[in-house]
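model_27.csv (CSV, C-alpha atoms) appears below.
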```csv
chain,number,residue,atom,x,y,z
A,12,MET,CA,0.4,15.7,58.4
A,13,ILE,CA,-3.2,15.0,57.5
A,14,GLN,CA,-3.6,13.9,53.9
A,15,ARG,CA,-6.4,15.8,52.2
A,16,SER,CA,-8.4,14.0,49.5
A,17,ALA,CA,-8.6,15.3,45.9
A,18,GLU,CA,-12.3,15.9,46.5
A,19,SER,CA,-11.8,18.1,49.6
A,20,ILE,CA,-9.0,20.2,47.9
A,21,TYR,CA,-11.2,20.7,44.8
A,22,VAL,CA,-14.2,21.7,46.9
A,23,ASP,CA,-12.3,24.0,49.2
A,24,GLU,CA,-10.8,25.9,46.3
A,25,LEU,CA,-14.1,26.4,44.6
A,26,CYS,CA,-15.8,27.5,47.8
A,27,LYS,CA,-13.1,30.0,48.7
A,28,SER,CA,-13.1,31.5,45.3
A,29,ALA,CA,-16.9,31.9,45.4
A,30,LYS,CA,-16.7,33.6,48.8
A,31,ASP,CA,-14.0,36.0,47.5
A,32,ALA,CA,-16.2,36.8,44.5
A,33,TYR,CA,-19.1,37.5,46.8
A,34,ARG,CA,-17.1,40.0,48.8
A,35,GLN,CA,-16.3,41.8,45.5
A,36,ILE,CA,-19.8,41.9,44.0
A,37,ARG,CA,-22.1,42.3,47.1
A,38,SER,CA,-21.9,46.1,47.0
A,39,ILE,CA,-21.6,46.8,43.2
A,40,HIS,CA,-24.1,49.3,41.8
A,41,THR,CA,-27.3,48.2,40.2
A,42,SER,CA,-26.3,49.7,36.9
A,43,GLN,CA,-23.2,47.5,36.7
A,44,LYS,CA,-25.3,44.4,37.5
A,45,ASN,CA,-27.8,45.3,34.8
A,46,LYS,CA,-25.0,45.9,32.2
A,47,VAL,CA,-23.7,42.4,32.8
A,48,LEU,CA,-27.2,40.9,32.5
A,49,GLU,CA,-27.8,42.9,29.2
A,50,LYS,CA,-24.5,41.4,27.9
A,51,LEU,CA,-25.5,38.0,29.0
A,52,ALA,CA,-28.9,38.1,27.2
A,53,ALA,CA,-27.2,39.2,24.0
A,54,ALA,CA,-24.4,36.6,24.3
A,55,LEU,CA,-27.0,33.8,24.7
A,56,ILE,CA,-28.4,34.7,21.3
A,57,SER,CA,-25.1,35.4,19.5
A,58,ARG,CA,-23.6,32.1,20.8
A,59,LYS,CA,-26.7,29.9,20.4
A,60,SER,CA,-24.9,27.7,17.9
A,61,GLU,CA,-22.3,26.8,20.6
A,62,ILE,CA,-25.1,26.1,23.1
A,63,LEU,CA,-27.1,23.9,20.7
A,64,LYS,CA,-23.9,22.0,19.7
A,65,GLU,CA,-23.1,21.2,23.4
A,66,ASN,CA,-26.8,20.4,24.2
A,67,LEU,CA,-26.9,17.9,21.4
A,68,LYS,CA,-24.0,16.0,23.0
A,69,ASP,CA,-26.1,15.7,26.2
A,70,LEU,CA,-29.2,14.7,24.3
A,71,GLU,CA,-27.4,12.0,22.4
A,72,ALA,CA,-25.8,10.7,25.5
A,73,GLY,CA,-29.2,10.8,27.3
A,74,LYS,CA,-30.9,8.8,24.6
A,75,SER,CA,-28.2,6.2,24.7
A,76,LYS,CA,-28.6,5.9,28.5
A,77,GLY,CA,-32.3,5.5,28.1
A,78,LEU,CA,-33.4,8.7,29.9
A,79,SER,CA,-37.2,9.1,30.1
A,80,SER,CA,-39.0,11.4,27.8
A,81,ALA,CA,-39.6,13.8,30.7
A,82,LEU,CA,-35.9,14.0,31.5
A,83,LEU,CA,-35.1,14.5,27.8
A,84,ASP,CA,-37.6,17.3,27.6
A,85,ARG,CA,-36.1,19.0,30.6
A,86,LEU,CA,-32.7,18.6,29.1
A,87,THR,CA,-33.5,20.0,25.6
A,88,LEU,CA,-32.5,23.4,24.5
A,89,ASP,CA,-33.7,24.7,21.1
A,90,GLU,CA,-33.8,28.2,19.6
A,91,LYS,CA,-37.1,29.1,21.3
A,92,ARG,CA,-35.9,28.0,24.7
A,93,ILE,CA,-32.6,29.9,24.3
A,94,GLN,CA,-34.6,33.0,23.4
A,95,ASN,CA,-36.8,32.4,26.5
A,96,LEU,CA,-33.6,32.2,28.6
A,97,ALA,CA,-32.4,35.5,27.2
A,98,ASN,CA,-35.9,37.0,27.8
A,99,ALA,CA,-35.8,35.8,31.4
A,100,VAL,CA,-32.4,37.5,31.9
A,101,LEU,CA,-33.8,40.8,30.6
A,102,GLU,CA,-36.9,40.4,32.9
A,103,ILE,CA,-34.5,40.0,35.8
A,104,LYS,CA,-32.6,43.0,34.7
A,105,ALA,CA,-35.8,45.1,34.7
A,106,ILE,CA,-36.9,44.0,38.2
A,107,PRO,CA,-35.9,46.5,40.9
A,108,ASP,CA,-32.8,45.6,42.8
A,109,PRO,CA,-33.9,44.4,46.3
A,110,VAL,CA,-30.4,45.1,47.8
A,111,GLY,CA,-30.5,48.3,49.9
A,112,GLU,CA,-34.3,48.4,50.2
A,113,THR,CA,-35.4,49.7,53.6
A,114,VAL,CA,-37.9,47.3,55.1
A,115,ARG,CA,-38.2,49.1,58.4
A,116,GLY,CA,-37.1,52.5,59.5
A,117,THR,CA,-38.0,54.0,62.9
A,118,THR,CA,-36.7,56.2,65.7
A,119,LEU,CA,-36.9,54.7,69.2
A,120,PRO,CA,-38.0,56.8,72.3
A,121,ASN,CA,-34.3,57.0,73.3
A,122,GLY,CA,-33.4,58.7,70.0
A,123,ILE,CA,-31.7,55.7,68.4
A,124,ARG,CA,-32.5,55.6,64.7
A,125,LEU,CA,-33.0,52.1,63.2
A,126,ASN,CA,-32.9,51.2,59.5
A,127,THR,CA,-33.4,47.6,58.5
A,128,LYS,CA,-32.3,47.0,54.9
A,129,ARG,CA,-32.1,44.1,52.5
A,130,VAL,CA,-28.7,42.6,51.9
A,131,PRO,CA,-27.5,39.6,49.9
A,132,LEU,CA,-27.5,36.1,51.5
A,133,GLY,CA,-23.9,35.5,50.5
A,134,VAL,CA,-22.9,32.3,48.7
A,135,VAL,CA,-25.9,30.3,47.4
A,136,MET,CA,-25.3,26.7,46.2
A,137,VAL,CA,-27.9,25.1,43.9
A,138,ILE,CA,-27.8,21.4,43.2
A,139,TYR,CA,-30.1,20.5,40.2
A,140,GLU,CA,-30.8,17.8,37.6
A,141,SER,CA,-31.5,17.8,33.9
A,142,ARG,CA,-32.5,21.4,33.3
A,143,PRO,CA,-29.6,23.5,31.9
A,144,ASN,CA,-31.8,26.7,32.0
A,145,VAL,CA,-31.2,26.6,35.8
A,146,THR,CA,-27.6,27.6,35.2
A,147,ILE,CA,-28.6,30.9,33.7
A,148,ASP,CA,-31.8,31.5,35.8
A,149,VAL,CA,-30.0,31.0,39.1
A,150,GLY,CA,-26.8,32.7,38.0
A,151,ALA,CA,-28.8,35.8,36.9
A,152,LEU,CA,-31.0,35.9,40.0
A,153,SER,CA,-28.0,35.4,42.3
A,154,PHE,CA,-25.9,38.1,40.6
A,155,LYS,CA,-28.7,40.7,40.5
A,156,SER,CA,-29.3,40.2,44.2
A,157,GLY,CA,-25.6,40.6,45.0
A,158,ASN,CA,-24.9,36.9,45.8
A,159,ALA,CA,-22.2,34.5,44.5
A,160,CYS,CA,-23.6,31.1,43.4
A,161,ILE,CA,-22.1,27.7,43.2
A,162,LEU,CA,-23.9,25.6,40.5
A,163,ARG,CA,-23.8,21.9,40.5
A,164,GLY,CA,-25.8,20.3,37.7
A,165,GLY,CA,-26.2,16.6,36.9
A,166,SER,CA,-23.9,14.6,34.6
A,167,GLU,CA,-26.7,14.3,32.0
A,168,ALA,CA,-26.4,18.1,31.3
A,169,ILE,CA,-22.7,18.6,31.8
A,170,HIS,CA,-21.9,19.9,28.3
A,171,SER,CA,-24.9,22.3,28.2
A,172,ASN,CA,-24.2,23.6,31.7
A,173,THR,CA,-20.5,24.1,31.0
A,174,ILE,CA,-21.0,26.3,28.0
A,175,LEU,CA,-23.8,28.3,29.6
A,176,ALA,CA,-21.6,28.9,32.7
A,177,LYS,CA,-18.7,29.9,30.5
A,178,ILE,CA,-20.8,32.4,28.6
A,179,PHE,CA,-21.9,34.0,31.9
A,180,GLN,CA,-18.4,34.1,33.2
A,181,ASP,CA,-17.1,35.7,30.0
A,182,CYS,CA,-19.7,38.5,30.5
A,183,LEU,CA,-18.5,39.0,34.1
A,184,LYS,CA,-14.8,39.2,33.0
A,185,GLU,CA,-15.6,41.7,30.3
A,186,GLU,CA,-17.0,44.0,33.1
A,187,GLY,CA,-13.9,43.5,35.3
A,188,LEU,CA,-15.8,41.3,37.7
A,189,PRO,CA,-14.8,38.0,39.2
A,190,PRO,CA,-16.0,35.1,37.0
A,191,ASN,CA,-16.4,32.9,40.1
A,192,ALA,CA,-19.4,35.0,41.1
A,193,VAL,CA,-20.9,32.2,39.0
A,194,THR,CA,-19.0,29.2,40.1
A,195,PHE,CA,-19.6,26.0,38.1
A,196,VAL,CA,-18.9,22.5,39.5
A,197,ASP,CA,-17.6,20.4,36.7
A,198,ARG,CA,-17.2,17.2,38.8
A,199,THR,CA,-20.6,15.4,38.9
A,200,GLU,CA,-19.6,12.4,40.9
A,201,ARG,CA,-21.5,11.9,44.1
A,202,GLU,CA,-18.4,11.8,46.2
A,203,TYR,CA,-17.8,15.5,45.2
A,204,MET,CA,-21.2,16.5,46.6
A,205,ILE,CA,-20.9,15.7,50.3
A,206,PRO,CA,-17.8,17.9,50.9
A,207,PHE,CA,-19.8,20.9,49.6
A,208,LEU,CA,-22.6,20.2,52.1
A,209,LYS,CA,-20.1,20.6,55.0
A,210,GLN,CA,-18.7,24.0,53.9
A,211,THR,CA,-20.4,26.0,56.6
A,212,SER,CA,-17.7,28.7,56.5
A,213,TYR,CA,-18.2,29.5,52.8
A,214,ILE,CA,-21.7,28.5,51.7
A,215,ASP,CA,-24.7,30.2,53.3
A,216,ILE,CA,-27.6,28.3,51.9
A,217,VAL,CA,-28.1,25.1,49.8
A,218,VAL,CA,-31.0,24.6,47.4
A,219,PRO,CA,-31.6,21.1,46.0
A,220,ARG,CA,-33.8,21.1,42.9
A,221,GLY,CA,-34.6,17.7,41.4
A,222,GLY,CA,-36.0,14.3,42.1
A,223,GLU,CA,-37.0,12.9,45.5
A,224,GLY,CA,-33.8,11.0,45.9
A,225,LEU,CA,-31.7,14.1,45.4
A,226,ILE,CA,-33.8,16.2,47.9
A,227,ARG,CA,-33.5,13.5,50.5
A,228,PHE,CA,-29.8,13.0,50.1
A,229,VAL,CA,-29.0,16.7,50.4
A,230,SER,CA,-31.4,17.2,53.4
A,231,GLU,CA,-29.8,14.2,55.3
A,232,ASN,CA,-26.2,15.2,54.6
A,233,SER,CA,-26.1,19.0,54.7
A,234,LEU,CA,-24.7,21.0,57.7
A,235,ILE,CA,-25.8,24.1,55.8
A,236,PRO,CA,-29.4,25.4,55.9
A,237,VAL,CA,-31.4,23.8,53.1
A,238,VAL,CA,-34.4,25.3,51.2
A,239,LYS,CA,-36.1,22.2,49.7
A,240,HIS,CA,-37.7,22.4,46.3
A,241,ASP,CA,-39.4,19.1,46.6
A,242,LYS,CA,-41.5,17.0,44.2
A,243,GLY,CA,-44.8,18.3,42.8
A,244,VAL,CA,-47.8,15.9,43.5
A,245,VAL,CA,-50.2,18.5,42.2
A,246,ASN,CA,-54.0,18.0,42.6
A,247,LEU,CA,-56.8,19.4,40.3
A,248,TYR,CA,-60.3,19.3,41.7
A,249,ILE,CA,-63.4,19.5,39.4
A,250,ASP,CA,-66.3,20.7,41.6
A,251,LYS,CA,-69.9,19.8,40.7
A,252,SER,CA,-70.6,23.4,39.6
A,253,ALA,CA,-67.5,23.6,37.3
A,254,ASP,CA,-68.1,25.2,33.9
A,255,PRO,CA,-67.3,22.5,31.3
A,256,LYS,CA,-66.0,25.3,29.0
A,257,LYS,CA,-63.3,25.9,31.5
A,258,VAL,CA,-62.7,22.3,32.7
A,259,LEU,CA,-61.3,20.6,29.7
A,260,PRO,CA,-58.9,23.4,28.6
A,261,ILE,CA,-57.6,23.8,32.1
A,262,ALA,CA,-57.2,20.0,32.7
A,263,ILE,CA,-55.4,19.5,29.4
A,264,ASN,CA,-53.1,22.4,30.0
A,265,SER,CA,-52.3,21.3,33.5
A,266,LYS,CA,-51.5,17.8,32.4
A,267,VAL,CA,-50.4,17.9,28.8
A,268,GLN,CA,-48.7,21.2,27.9
A,269,ARG,CA,-45.5,20.1,29.6
A,270,PRO,CA,-45.9,17.0,31.7
A,271,GLY,CA,-42.3,16.7,32.8
A,272,VAL,CA,-42.3,19.7,35.2
A,273,CYS,CA,-43.2,20.0,38.8
A,274,ASN,CA,-46.3,22.2,38.3
A,275,ALA,CA,-48.0,19.7,36.0
A,276,ALA,CA,-51.1,18.1,37.6
A,277,GLU,CA,-50.8,14.5,38.7
A,278,ASN,CA,-54.1,13.8,40.4
A,279,LEU,CA,-57.5,14.6,38.9
A,280,ILE,CA,-60.4,14.7,41.5
A,281,ILE,CA,-63.9,14.8,40.1
A,282,HIS,CA,-67.1,15.5,42.1
A,283,SER,CA,-69.6,12.6,41.5
A,284,GLU,CA,-72.3,15.2,40.5
A,285,TYR,CA,-70.2,16.9,37.9
A,286,PRO,CA,-72.3,16.1,34.8
A,287,TYR,CA,-69.6,16.0,32.1
A,288,ALA,CA,-67.1,13.6,33.7
A,289,LYS,CA,-67.2,11.2,30.8
A,290,GLU,CA,-66.6,14.0,28.3
A,291,LEU,CA,-63.7,15.2,30.4
A,292,LEU,CA,-62.0,11.8,30.5
A,293,GLU,CA,-62.6,11.3,26.8
A,294,GLY,CA,-61.1,14.7,26.0
A,295,LEU,CA,-58.0,13.9,28.1
A,296,ALA,CA,-57.6,10.5,26.5
A,297,SER,CA,-57.8,12.1,23.0
A,298,LYS,CA,-54.7,14.1,23.9
A,299,GLY,CA,-52.7,10.9,24.7
A,300,VAL,CA,-53.2,11.0,28.5
A,301,GLN,CA,-53.1,7.6,30.1
A,302,LEU,CA,-55.9,7.6,32.7
A,303,LEU,CA,-55.6,5.6,35.9
A,304,LEU,CA,-59.1,5.4,37.2
A,305,ASP,CA,-60.9,4.6,40.4
A,306,PRO,CA,-63.9,2.1,40.1
A,307,ARG,CA,-66.5,4.8,39.5
A,308,SER,CA,-64.6,6.7,36.8
A,309,LEU,CA,-63.6,3.4,35.3
A,310,ALA,CA,-67.3,2.6,35.0
A,311,ILE,CA,-67.9,5.6,32.8
A,312,PHE,CA,-64.7,5.3,30.8
A,313,PRO,CA,-63.8,1.6,30.6
A,314,GLN,CA,-60.8,2.3,28.2
A,315,GLY,CA,-58.8,3.5,31.2
A,316,GLN,CA,-56.7,1.4,33.6
A,317,PRO,CA,-57.4,0.7,37.3
A,318,VAL,CA,-55.6,3.1,39.6
A,319,LYS,CA,-53.5,1.8,42.6
A,320,GLU,CA,-53.5,3.7,45.9
A,321,GLU,CA,-49.7,4.3,45.5
A,322,ASP,CA,-50.3,6.1,42.2
A,323,TYR,CA,-51.9,9.0,44.0
A,324,LEU,CA,-48.6,9.7,45.8
A,325,GLU,CA,-46.4,9.6,42.7
A,326,GLU,CA,-45.0,12.5,40.7
A,327,PHE,CA,-45.3,10.9,37.3
A,328,LEU,CA,-43.7,13.6,35.2
A,329,ASP,CA,-45.4,12.1,32.1
A,330,LEU,CA,-48.8,11.7,30.6
A,331,ARG,CA,-50.3,9.4,33.3
A,332,PHE,CA,-53.1,11.0,35.3
A,333,SER,CA,-54.6,9.4,38.4
A,334,VAL,CA,-58.3,10.0,38.9
A,335,LYS,CA,-60.4,10.0,42.1
A,336,THR,CA,-64.2,10.4,42.4
A,337,VAL,CA,-65.6,12.2,45.5
A,338,ASP,CA,-69.1,12.9,46.7
A,339,LYS,CA,-68.4,16.2,48.4
A,340,ILE,CA,-65.8,18.9,48.6
A,341,GLU,CA,-64.8,17.8,52.1
A,342,GLU,CA,-63.7,14.4,50.6
A,343,ALA,CA,-61.6,16.2,48.0
A,344,ILE,CA,-59.9,18.2,50.8
A,345,GLU,CA,-59.2,15.0,52.8
A,346,PHE,CA,-57.8,13.3,49.7
A,347,ILE,CA,-55.5,16.3,48.9
A,348,GLU,CA,-54.2,16.4,52.5
A,349,ALA,CA,-53.3,12.7,52.2
A,350,THR,CA,-51.6,12.9,48.8
A,351,SER,CA,-50.3,16.4,48.3
A,352,SER,CA,-46.6,17.4,48.4
A,353,GLY,CA,-47.5,20.9,49.3
A,354,HIS,CA,-46.8,22.4,45.9
A,355,THR,CA,-50.0,23.4,44.1
A,356,GLU,CA,-53.7,22.6,44.5
A,357,ALA,CA,-56.4,23.9,42.1
A,358,ILE,CA,-60.2,23.9,42.0
A,359,ILE,CA,-62.5,24.6,39.0
A,360,THR,CA,-65.8,25.8,40.2
A,361,GLU,CA,-68.5,28.5,39.7
A,362,ASP,CA,-69.5,28.3,43.4
A,363,VAL,CA,-67.8,31.2,45.3
A,364,SER,CA,-68.4,29.5,48.7
A,365,ALA,CA,-66.8,26.3,47.4
A,366,ALA,CA,-63.8,28.2,46.1
A,367,ASN,CA,-63.4,30.0,49.4
A,368,PHE,CA,-63.7,26.8,51.4
A,369,PHE,CA,-61.2,25.0,49.2
A,370,SER,CA,-58.7,27.9,49.5
A,371,ARG,CA,-58.9,28.3,53.3
A,372,SER,CA,-58.9,24.6,54.0
A,373,LEU,CA,-55.6,23.7,52.3
A,374,ASP,CA,-52.0,24.4,53.3
A,375,SER,CA,-49.8,24.4,50.1
A,376,ALA,CA,-47.4,26.8,48.5
A,377,ALA,CA,-50.1,27.9,46.0
A,378,ILE,CA,-53.9,27.5,45.8
A,379,PHE,CA,-55.5,28.2,42.3
A,380,VAL,CA,-59.1,28.9,41.4
A,381,ASN,CA,-60.2,28.4,37.8
A,382,ILE,CA,-56.7,28.5,36.3
A,383,SER,CA,-54.1,25.9,35.1
A,384,THR,CA,-51.6,24.6,37.6
A,385,ARG,CA,-48.9,25.4,35.1
A,386,PHE,CA,-49.0,29.1,36.2
A,387,HIS,CA,-47.2,28.2,39.4
A,388,ASP,CA,-43.9,29.5,38.1
A,389,GLY,CA,-41.5,32.3,38.9
A,390,GLY,CA,-41.6,33.7,35.4
A,391,GLU,CA,-45.4,33.6,35.3
A,392,PHE,CA,-45.5,35.2,38.8
A,393,GLY,CA,-43.5,38.2,37.5
A,394,LEU,CA,-40.2,37.2,39.2
A,395,GLY,CA,-38.4,36.9,35.9
A,396,ALA,CA,-37.3,33.4,36.8
A,397,GLU,CA,-36.9,31.3,39.9
A,398,VAL,CA,-34.2,29.4,41.9
A,399,GLY,CA,-37.0,26.8,42.3
A,400,ILE,CA,-40.4,26.4,43.9
A,401,SER,CA,-40.1,25.8,47.6
A,402,THR,CA,-42.6,23.4,49.2
A,403,GLY,CA,-41.3,24.2,52.7
A,404,LYS,CA,-42.1,27.1,54.9
A,405,LEU,CA,-38.7,28.6,55.8
A,406,HIS,CA,-37.4,30.9,54.6
A,407,VAL,CA,-39.5,31.1,51.4
A,408,ARG,CA,-42.5,29.3,50.1
A,409,GLY,CA,-43.4,29.0,46.4
A,410,PRO,CA,-41.2,30.5,43.6
A,411,MET,CA,-37.9,31.7,45.0
A,412,GLY,CA,-37.0,35.0,43.3
A,413,LEU,CA,-34.7,38.0,43.8
A,414,VAL,CA,-36.1,39.2,47.1
A,415,HIS,CA,-35.9,35.7,48.5
A,416,LEU,CA,-32.1,35.7,47.9
A,417,THR,CA,-31.7,38.5,50.4
A,418,THR,CA,-31.7,38.7,54.2
A,419,THR,CA,-31.6,41.9,56.3
A,420,THR,CA,-29.2,43.9,58.3
A,421,THR,CA,-30.3,46.6,60.8
A,422,TYR,CA,-28.2,49.8,61.0
A,423,ALA,CA,-28.5,51.7,64.2
A,424,GLU,CA,-27.3,55.3,64.8
A,425,GLY,CA,-27.3,57.5,67.9
A,426,GLU,CA,-25.7,60.3,69.8
A,427,GLY,CA,-23.9,58.3,72.5
A,428,GLN,CA,-26.8,56.5,74.1
A,429,VAL,CA,-25.9,53.7,76.6
A,430,ARG,CA,-28.2,51.0,77.9
A,431,GLY,CA,-29.3,51.4,81.5
```
If you took the structure in this file and wrote it as structure tokens, what would it be?
Amino acid sequence: MIQRSAESIYVDELCKSAKDAYRQIRSIHTSQKNKVLEKLAAALISRKSEILKENLKDLEAGKSKGLSSALLDRLTLDEKRIQNLANAVLEIKAIPDPVGETVRGTTLPNGIRLNTKRVPLGVVMVIYESRPNVTIDVGALSFKSGNACILRGGSEAIHSNTILAKIFQDCLKEEGLPPNAVTFVDRTEREYMIPFLKQTSYIDIVVPRGGEGLIRFVSENSLIPVVKHDKGVVNLYIDKSADPKKVLPIAINSKVQRPGVCNAAENLIIHSEYPYAKELLEGLASKGVQLLLDPRSLAIFPQGQPVKEEDYLEEFLDLRFSVKTVDKIEEAIEFIEATSSGHTEAIITEDVSAANFFSRSLDSAAIFVNISTRFHDGGEFGLGAEVGISTGKLHVRGPMGLVHLTTTTTYAEGEGQVRG
């Protein structure tokens, strides 16, 4: 008899229970889904003291382990963030249910009637780091779209994720629905991850959301289709015609508002003819930004530090900002093509032709004109929340919301037709 490991037994049981839960929830009515989500939003607020207590355990452990300020920021839950979580759940509740939507209906010349409709993907596994809000965001998006989810967070957020998953599961049980529609993996050891990535019979899609190492590990080891939510090396280009009244607020917001997230800008590209470059650098420095400067920008702002070529490829997730000077927009495009991770590129310009050239020349998940890069977000895009921001091209690009958690089935009806 083949001896099964403790890891494989644990993983098999969780995956089977998630698949069973999917079979029970995939066809429930939208009104029942919305009732659960309404209860969840209320429970997040009424049980916030429990959430904050468990989150504090993670924060204290994180500080003792020397986690970076960016990771601690991602890990932190406070009353405002819990309220934002509840608000996101209510926004997801308000979004039309994509399941059952007809995307193509036609009658063929032979009389066969075709209806292609949206259906749930099945069981969605999301592997993520640091951010406990993902537990609720992904759980709510998966449930509203008729999917079961398997959530595997990092050890640094184990207490926060556990209480949030329990609150969700309690709401499901109250409605007579299987709690394992939101399955939580409470074993965070690496050896428990690989068996999940082989569960082709039970898991339909895997979404890794975290650092470069996590993305690579999942991509290299998974037998299940992977939607990568890769790092954000985000570029912000200041064109020579840029309005200085727009430039500094957008640059500060893109870099400073929340530097530890994937849509924060990492590279600042400045046209050599932009007349207010010194003021821009001074303004960023006044907000605590550590400027890594190329020789020309260092000449006008000697308080900065020399940039290294490898800095332009790094997702800092902190207040470091790499600066590159270019003489024409074509150089900016070439620089972005060499450094970008395909997440977000932005231009600030008053020249419509420059904006159009920038937009059509680049190939990233989002191209912004005269707005902060921080707007590349599922909530800001009206999706309620996101599973993550995909930098790949299959099967979704950019924020992954409700509709991206569905696939299609074609229903065909006829009167006895046979193919000749």
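With distances restricted to all atoms listed in the file, A:Ile169 is the closest residue to A:Phe195 from A:Ile169, A:Val218, A:Leu70, A:Leu208.
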Original post:
For A:Glu65, which residue out of A:Val258, A:Ala151, A:Val137, A:Ala168 is the nearest one, using only C-alpha atoms?
Top reply: A:Ala168
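Relative to atom CA of A:Tyr203, atom CA of A:Arg220 is found at 17.1 Å.
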Subject >> Which residue of A:Ala288, A:Ala349, A:Ala275, A:Ile106 approaches A:Ser383 most closely, using only C-alpha atoms >> reply: A:Ala275
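Counting only C-alpha atoms, the residue from A:Leu82, A:Thr87, A:Thr118, A:Val134 that sits nearest to A:Leu25 is A:Val134.
Between atom CA of A:Ser80 and atom CA of A:Phe179 the separation is 28.6 Å.
Here the question is which of A:Gly412, A:Pro190, A:Gly399, A:Gly222 gets nearest to A:Ala32 using all atoms listed in the file, and that residue is A:Pro190.
Shortest atom-to-atom contact with A:Pro255 among A:Leu330, A:Leu291, A:Ala377, A:Ile205: A:Leu291, counting all atoms listed in the file.
Between atom CA of A:Lys155 and atom CA of A:Gln35 there is a distance of 13.4 Å.
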**OP:** Compute the distance from (-35.1, 36.1, 32.3) to each atom, counting all atoms listed in the file, keep the residues with any atom at most 10 Å away, and return them as a ChimeraX atom specification; use the coordinates of the file.
**Re:** /A:48,52,94-105,144,147-149,151-152,389-390,394-397
Select from stretch 319-395 of chain A every residue with an atom at most 12 Å from any atom of stretch 223-233 of chain A, then for each give the shortest pair of atoms and their distance in Å to one decimal, using only C-alpha atoms, rows by chain and rising number, as a tab-separated table.
```
residue	atom	partner	partner_atom	distance
A:Glu325	CA	A:Glu223	CA	10.3
A:Glu326	CA	A:Glu223	CA	9.3
A:Phe327	CA	A:Glu223	CA	11.8
A:Ser352	CA	A:Glu223	CA	11.0
```
So that I can check the surroundings of A:Thr336, please list as a PDB file with C-alpha atoms, in the coordinates of the input every protein, DNA and RNA residue that reaches within 7 Å of it, counting all atoms listed in the file and ignoring chain neighbours fewer than 4 positions away.
```pdb
ATOM      1  CA  ILE A 280     -60.400  14.700  41.500  1.00  0.00           C
ATOM      2  CA  ILE A 281     -63.900  14.800  40.100  1.00  0.00           C
ATOM      3  CA  HIS A 282     -67.100  15.500  42.100  1.00  0.00           C
ATOM      4  CA  SER A 283     -69.600  12.600  41.500  1.00  0.00           C
ATOM      5  CA  ASP A 305     -60.900   4.600  40.400  1.00  0.00           C
ATOM      6  CA  ARG A 307     -66.500   4.800  39.500  1.00  0.00           C
ATOM      7  CA  SER A 308     -64.600   6.700  36.800  1.00  0.00           C
TER       8      SER A 308
END
```
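The neighbours of A:Thr402 here are the residues that come within 7 Å of it, using only C-alpha atoms and leaving out any residue fewer than 2 positions away in the same chain; they are Lys239, His240, Asp241, Gly353, His354, Ala376, Ile400, Lys404, Arg408 and Gly409 of chain A.
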How big is the axis-aligned box, and where does its centre sit, when it encloses all atoms of stretch 73-89 of chain A listed in the file and has 4 Å added on every side, reported in Å to one decimal as AutoDock Vina command-line options?
```
--center_x -33.9 --center_y 15.1 --center_z 26.3 --size_x 19.4 --size_y 27.2 --size_z 18.4
```
Original post:
If you count only C-alpha atoms, which residues fall within 12 Å of A:Asn158, apart from same-chain ones fewer than 6 positions away, as a PyMOL selection string?
Top reply: chain A and resi 29-39+44+109-110+130-136+149-152+191-194+214-216+413-418
Save out the residues we just selected, C-alpha atoms, as an mmCIF file, in the coordinates of the input.
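Generated output (result38.cif):
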```
data_model
loop_
_atom_site.group_PDB
_atom_site.id
_atom_site.type_symbol
_atom_site.label_atom_id
_atom_site.label_comp_id
_atom_site.auth_asym_id
_atom_site.auth_seq_id
_atom_site.Cartn_x
_atom_site.Cartn_y
_atom_site.Cartn_z
ATOM 1 C CA ALA A 29 -16.900 31.900 45.400
ATOM 2 C CA LYS A 30 -16.700 33.600 48.800
ATOM 3 C CA ASP A 31 -14.000 36.000 47.500
ATOM 4 C CA ALA A 32 -16.200 36.800 44.500
ATOM 5 C CA TYR A 33 -19.100 37.500 46.800
ATOM 6 C CA ARG A 34 -17.100 40.000 48.800
ATOM 7 C CA GLN A 35 -16.300 41.800 45.500
ATOM 8 C CA ILE A 36 -19.800 41.900 44.000
ATOM 9 C CA ARG A 37 -22.100 42.300 47.100
ATOM 10 C CA SER A 38 -21.900 46.100 47.000
ATOM 11 C CA ILE A 39 -21.600 46.800 43.200
ATOM 12 C CA LYS A 44 -25.300 44.400 37.500
ATOM 13 C CA PRO A 109 -33.900 44.400 46.300
ATOM 14 C CA VAL A 110 -30.400 45.100 47.800
ATOM 15 C CA VAL A 130 -28.700 42.600 51.900
ATOM 16 C CA PRO A 131 -27.500 39.600 49.900
ATOM 17 C CA LEU A 132 -27.500 36.100 51.500
ATOM 18 C CA GLY A 133 -23.900 35.500 50.500
ATOM 19 C CA VAL A 134 -22.900 32.300 48.700
ATOM 20 C CA VAL A 135 -25.900 30.300 47.400
ATOM 21 C CA MET A 136 -25.300 26.700 46.200
ATOM 22 C CA VAL A 149 -30.000 31.000 39.100
ATOM 23 C CA GLY A 150 -26.800 32.700 38.000
ATOM 24 C CA ALA A 151 -28.800 35.800 36.900
ATOM 25 C CA LEU A 152 -31.000 35.900 40.000
ATOM 26 C CA ASN A 191 -16.400 32.900 40.100
ATOM 27 C CA ALA A 192 -19.400 35.000 41.100
ATOM 28 C CA VAL A 193 -20.900 32.200 39.000
ATOM 29 C CA THR A 194 -19.000 29.200 40.100
ATOM 30 C CA ILE A 214 -21.700 28.500 51.700
ATOM 31 C CA ASP A 215 -24.700 30.200 53.300
ATOM 32 C CA ILE A 216 -27.600 28.300 51.900
ATOM 33 C CA LEU A 413 -34.700 38.000 43.800
ATOM 34 C CA VAL A 414 -36.100 39.200 47.100
ATOM 35 C CA HIS A 415 -35.900 35.700 48.500
ATOM 36 C CA LEU A 416 -32.100 35.700 47.900
ATOM 37 C CA THR A 417 -31.700 38.500 50.400
ATOM 38 C CA THR A 418 -31.700 38.700 54.200
#
```
